[in-house]
Amino acid sequence: MLLLAACRGAAEQPVVDRFFTASRLHDRTALNAVATVSIDPVTQGTVTEFTILHIDREATNETVTVDATMHLPSGEFEKRKIVLTLKRNPDAALVVTGVTILPL
């Protein structure tokens, strides 16, 4: 059971981490390598911590649901659920193509 939990999200974890980091820094160059979308730090806030809760895998798409702590533009920190759509491109790399931020 512990091994299964440790392996969950192994391929997705680094992609999601780079996505949140590049969005937080508003780094367009880094974002272009991992995503076609972003989270605007000025209007939406930034993800400071996250845990992958669930992954739905299909042939070329994946839906990754995370529990995230966000630093909001108001200065407050809040827990949010974020649903990311990842698509596998022709060279087999995962790219974030959609993001939905939901209240917990």
# chains A, B, ... in the order shown; residues from 1 in each chain; ligands from 1
$ select_by_dssp --residues "chain A" --states "strand (DSSP E or B)" --output "PyMOL selection string"
chain A and resi 35+46-57+61-71+77-88+94-103
$ select_by_dssp --residues "chain A" --states "helix (DSSP H, G or I)" --output "ChimeraX atom specification"
/A:2-7,12-25,28-34
$ write_last_selection --atoms "C-alpha atoms" --output "PDB file, in the first residue's frame"
ATOM      1  CA  LEU A   2       2.809   2.405   0.906  1.00  0.00           C
ATOM      2  CA  LEU A   3       4.620   1.626  -2.360  1.00  0.00           C
ATOM      3  CA  LEU A   4       1.445   2.323  -4.340  1.00  0.00           C
ATOM      4  CA  ALA A   5       1.002   5.694  -2.637  1.00  0.00           C
ATOM      5  CA  ALA A   6       4.642   6.596  -3.262  1.00  0.00           C
ATOM      6  CA  CYS A   7       4.358   5.848  -6.987  1.00  0.00           C
ATOM      7  CA  GLU A  12       3.024  13.952 -13.330  1.00  0.00           C
ATOM      8  CA  GLN A  13       4.630  15.375 -10.163  1.00  0.00           C
ATOM      9  CA  PRO A  14       7.605  17.109 -11.869  1.00  0.00           C
ATOM     10  CA  VAL A  15       5.420  18.550 -14.649  1.00  0.00           C
ATOM     11  CA  VAL A  16       2.881  19.931 -12.173  1.00  0.00           C
ATOM     12  CA  ASP A  17       5.668  21.294  -9.969  1.00  0.00           C
ATOM     13  CA  ARG A  18       7.351  23.082 -12.910  1.00  0.00           C
ATOM     14  CA  PHE A  19       3.975  24.448 -14.006  1.00  0.00           C
ATOM     15  CA  PHE A  20       3.197  25.935 -10.588  1.00  0.00           C
ATOM     16  CA  THR A  21       6.740  27.314 -10.206  1.00  0.00           C
ATOM     17  CA  ALA A  22       6.788  28.920 -13.667  1.00  0.00           C
ATOM     18  CA  SER A  23       3.303  30.375 -13.106  1.00  0.00           C
ATOM     19  CA  ARG A  24       4.322  31.768  -9.701  1.00  0.00           C
ATOM     20  CA  LEU A  25       7.362  33.467 -11.269  1.00  0.00           C
ATOM     21  CA  ARG A  28       6.894  32.633 -19.931  1.00  0.00           C
ATOM     22  CA  THR A  29       9.985  30.785 -21.182  1.00  0.00           C
ATOM     23  CA  ALA A  30       9.678  28.072 -18.529  1.00  0.00           C
ATOM     24  CA  LEU A  31       5.901  27.906 -19.037  1.00  0.00           C
ATOM     25  CA  ASN A  32       6.298  27.330 -22.774  1.00  0.00           C
ATOM     26  CA  ALA A  33       8.244  24.152 -21.990  1.00  0.00           C
ATOM     27  CA  VAL A  34       5.481  22.631 -19.829  1.00  0.00           C
TER      28      VAL A  34
END
$ atom_distance --atom1 "atom CA of Ala92 of chain A" --atom2 "atom CA of Glu62 of chain A"
12.6 Å
$ residues_around --residues "Thr43 of chain A" --least-positions-apart "2" --cutoff "9 Å" --atoms "only C-alpha atoms" --output "PyMOL selection string"
chain A and resi 39-41+45+72-73
$ write_last_selection --atoms "C-alpha atoms" --output "PDB file, in the first residue's frame"
ATOM      1  CA  ILE A  39      -2.096  30.793 -13.406  1.00  0.00           C
ATOM      2  CA  ASP A  40      -1.724  34.577 -13.320  1.00  0.00           C
ATOM      3  CA  PRO A  41      -0.038  35.451 -10.012  1.00  0.00           C
ATOM      4  CA  GLY A  45      -2.524  34.065  -6.890  1.00  0.00           C
ATOM      5  CA  LEU A  72      -4.042  34.959  -3.050  1.00  0.00           C
ATOM      6  CA  PRO A  73      -3.619  38.513  -4.391  1.00  0.00           C
TER       7      PRO A  73
END
$ residues_around --residues "Gln44 of chain A" --least-positions-apart "2" --cutoff "12 Å" --atoms "only C-alpha atoms" --output "list in words"
Ser23, Arg24, His26, Ser38, Ile39, Asp40, Pro41, Val42, Thr46, Val47, Met70, His71, Leu72, Pro73, Ser74, Gly75, Glu76, Phe77, Glu78, Arg80, Val99, Thr100, Ile101 and Leu102 of chain A
$ write_last_selection --atoms "C-alpha atoms" --output "CSV table (one decimal), in the first residue's frame"
chain,number,residue,atom,x,y,z
A,23,SER,CA,3.3,30.4,-13.1
A,24,ARG,CA,4.3,31.8,-9.7
A,26,HIS,CA,5.3,34.5,-14.4
A,38,SER,CA,-0.8,29.6,-16.8
A,39,ILE,CA,-2.1,30.8,-13.4
A,40,ASP,CA,-1.7,34.6,-13.3
A,41,PRO,CA,0.0,35.5,-10.0
A,42,VAL,CA,-1.4,39.0,-10.0
A,46,THR,CA,0.2,31.5,-6.6
A,47,VAL,CA,0.4,27.9,-5.5
A,70,MET,CA,-2.6,29.3,-2.7
A,71,HIS,CA,-1.3,32.7,-1.8
A,72,LEU,CA,-4.0,35.0,-3.1
A,73,PRO,CA,-3.6,38.5,-4.4
A,74,SER,CA,-5.3,39.8,-1.2
A,75,GLY,CA,-2.4,38.4,0.8
A,76,GLU,CA,-4.4,35.6,2.4
A,77,PHE,CA,-3.5,31.9,2.1
A,78,GLU,CA,-6.4,29.5,1.2
A,80,ARG,CA,-8.1,25.2,-3.2
A,99,VAL,CA,-6.5,24.6,-15.4
A,100,THR,CA,-9.5,25.1,-13.2
A,101,ILE,CA,-9.3,26.5,-9.7
A,102,LEU,CA,-12.1,25.5,-7.3
$ atom_distance --atom1 "atom CA of Ile52 of chain A" --atom2 "atom CA of Thr69 of chain A"
12.1 Å
